[in-house]
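Heads up, the thing below is written out as structure tokens.
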Amino acid sequence: MSYNINEDSSASGHDEPWIQWFCGLKGHEMFCEVERSYIEDGFNLYGLRATVSNFSDCLDLILDRIGPDDSDDSHLTQSACTLYGLIHARYIITAHGLDAMYNKYAAKEFGTCPLVQCGGQPVLPVGLKDEIGNDSVKIFCPKCQCVYHPPSQLRSLRGNPGVDGASFGTTFPHLFLMTFSNLVPDGLTTDSQYVPRVFGFKLHASSRGRGANSSNSRSGARRSGSSYSHIAAWNQAGPAAEGAVASQTTSPKEDGSEDRKMKKQPPPEAAESTSIGNKPKRNGIENNSSGKEKKRSKQR
């Protein structure tokens, strides 16, 4: 992530120390000036040599060991800015660094919380990652415990991605509030929360799902509209179409149901044969009974 360095703010041609020049650039108001003695201590720079190319030249540039005219290379200047940002992240969590950031916090140089309920609460810079090149610096509000983008006047210009969040790290704002516990504000209360209202009435929680319900109602309206179109077509067709449909639905030959009913009923000839076949039996019984009566009468 590159820093906001252009031709107008080039390091060449200035008489002030490099650290003072860097902190005075537009969008670098959140930086504090790291003490020279801290940078000269090699123990404080342990592990940074592998993260920045031309480490020795960048360190000489920061400590003004080489003149600005000898460092016209923009790549070297960008690397020096990256190195200073990593040193700065370590310095602001020391005792001297916390004191330097305390003065800037009291003067609201980091800005204020954009949330209305926080009432202009001063904020602290924070990085979302400790590694360089991941994201730009953000601001943390100790009242609402939320992270926001910094104000526009604290951002880099000309489409530059801005100050790297690794220049402040993820630890600083929380360690700062632990050190200066008297600066910790009271959290937001339930009474201070914004309540949406319509004509003075609070919105019910179910109103948040109206989007899904409205889409369902629209789909239901489309389905009902299709059924209404069929009814309208039926009314336009008139009674003639109704008779035609009725004749089609009552036709016996269409599905063969009437033929099946006829097959289930026995034919009339079979019915007659069964009745004729039963008559001889009844006549035989009647003839036998009449013959017995004649024999009885003769015997008498």
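Residues are referred to by chain and number: the chain letter is A, B, ... according to the order shown in the structure tokens, the number counts from 1 in that chain, and ligands are numbered separately from 1 in the order shown.
Residues in contact with Asn54 (chain A) at up to 8 Å, not including ones fewer than 3 positions away on its chain and judged by only C-alpha atoms, are Asp57, Cys58, Leu76 and Ser79 of chain A.
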Checklist entry - Could you name the residues that touch region 191-196 of chain A at 8 Å or less, counting only C-alpha atoms, but leaving out those on the same chain fewer than 6 positions away, as a PyMOL selection string? => result chain A and resi 117+202-203
Can you write out the residues you just picked, keeping N, CA, C and O atoms, as a compact mmCIF listing (two decimals), in the first residue's frame?
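The result, stored in again-v9.txt:
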```txt
# COMPACT_ATOMS: atom_id res chain seq x y z
N GLN A 117 -25.62 9.27 18.21
CA GLN A 117 -25.85 8.98 19.63
C GLN A 117 -24.57 9.11 20.46
O GLN A 117 -24.65 9.24 21.68
N LYS A 202 -44.17 3.23 16.92
CA LYS A 202 -43.01 2.39 16.72
C LYS A 202 -43.31 1.29 15.71
O LYS A 202 -44.43 0.77 15.67
N LEU A 203 -42.32 0.94 14.91
CA LEU A 203 -42.48 -0.12 13.93
C LEU A 203 -42.35 -1.48 14.60
O LEU A 203 -41.47 -1.70 15.43
```
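The smallest atom-to-atom distance between Ala106 (chain A) and any of A:Thr171, A:Phe180, A:Ile132, A:His204, using only C-alpha atoms, is found for A:Phe180.
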Next on the checklist: List as a list in words the protein and nucleic acid residues near Gln20 (chain A), meaning an atom at most 10 Å away when only C-alpha atoms are counted, but skip any in the same chain fewer than 2 places from it.
Outcome noted: Glu16, Pro17, Trp18, Phe22, Cys23, Gly24, Leu25, Cys32, Glu33, Val34 and Ile62 of chain A
Item to check | Residue neighbourhood Gln121 (chain A), 12 Å, only C-alpha atoms, exclusion window fewer than 4 positions, as a PyMOL selection string | outcome: chain A and resi 105-117+139-146+183-188
Checklist entry - Would you give me, as a PyMOL selection string, the residues in region 25-189 of chain A that DSSP reads as helix (DSSP H, G or I)? => result chain A and resi 36-40+42-45+55-62+68-70+74-91+95-106+116-118+152-154+165-167+172-179+181-183
In region 74-217 of chain A, what's strand (DSSP E) per DSSP? Answer as an mmCIF file with N, CA and C atoms, in the first residue's frame?
```cif
data_model
loop_
_atom_site.group_PDB
_atom_site.id
_atom_site.type_symbol
_atom_site.label_atom_id
_atom_site.label_comp_id
_atom_site.auth_asym_id
_atom_site.auth_seq_id
_atom_site.Cartn_x
_atom_site.Cartn_y
_atom_site.Cartn_z
ATOM 1 N N LEU A 124 -10.033 6.752 18.096
ATOM 2 C CA LEU A 124 -8.634 6.357 18.046
ATOM 3 C C LEU A 124 -8.360 5.609 16.754
ATOM 4 N N PRO A 125 -7.171 5.771 16.174
ATOM 5 C CA PRO A 125 -6.838 5.013 14.959
ATOM 6 C C PRO A 125 -6.586 3.552 15.286
ATOM 7 N N VAL A 126 -6.937 2.690 14.348
ATOM 8 C CA VAL A 126 -6.775 1.248 14.539
ATOM 9 C C VAL A 126 -6.564 0.600 13.176
ATOM 10 N N LYS A 138 -8.352 2.603 10.076
ATOM 11 C CA LYS A 138 -9.737 2.895 10.455
ATOM 12 C C LYS A 138 -9.726 3.626 11.789
ATOM 13 N N ILE A 139 -10.901 4.056 12.233
ATOM 14 C CA ILE A 139 -11.028 4.714 13.534
ATOM 15 C C ILE A 139 -11.965 3.880 14.404
ATOM 16 N N PHE A 140 -11.634 3.834 15.695
ATOM 17 C CA PHE A 140 -12.390 3.044 16.662
ATOM 18 C C PHE A 140 -13.014 3.975 17.684
ATOM 19 N N VAL A 147 -16.161 0.357 14.506
ATOM 20 C CA VAL A 147 -15.043 0.800 13.661
ATOM 21 C C VAL A 147 -15.621 1.492 12.429
ATOM 22 N N TYR A 148 -15.042 2.629 12.067
ATOM 23 C CA TYR A 148 -15.517 3.418 10.938
ATOM 24 C C TYR A 148 -14.336 3.821 10.063
ATOM 25 N N ARG A 197 -39.976 5.290 13.708
ATOM 26 C CA ARG A 197 -41.387 5.562 13.954
ATOM 27 C C ARG A 197 -42.055 6.010 12.662
ATOM 28 N N VAL A 198 -43.323 5.700 12.547
ATOM 29 C CA VAL A 198 -44.171 6.153 11.450
ATOM 30 C C VAL A 198 -45.404 6.795 12.059
ATOM 31 N N PHE A 201 -45.721 6.201 15.758
ATOM 32 C CA PHE A 201 -45.864 4.844 16.269
ATOM 33 C C PHE A 201 -44.597 4.049 15.953
ATOM 34 N N LYS A 202 -44.167 3.230 16.919
ATOM 35 C CA LYS A 202 -43.010 2.386 16.722
ATOM 36 C C LYS A 202 -43.315 1.286 15.711
#
```
Item to check | Proximity to Ile87 (chain A) - best of A:Asp15, A:Glu35, A:Asp60, A:Asp99, only C-alpha atoms | outcome: A:Glu35
Checklist entry - Hey, which of A:His149, A:His28, A:Arg208, A:His174 ends up closest to Gly85 (chain A)? Count only C-alpha atoms. => result A:His28
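You can rank A:His75, A:Arg36, A:Lys26, A:His96 by their closest distance to Phe176 (chain A) using only C-alpha atoms, and at the top of that list sits A:His96.
The closest residue to Gly133 (chain A), picked from A:Gly67, A:Gly120, A:Thr51, A:Gly209 and counting only C-alpha atoms, is A:Thr51.
Using only C-alpha atoms, the smallest distance between any of A:Pro150, A:Ser207, A:Leu86, A:Lys104 and Glu131 (chain A) comes from A:Leu86.
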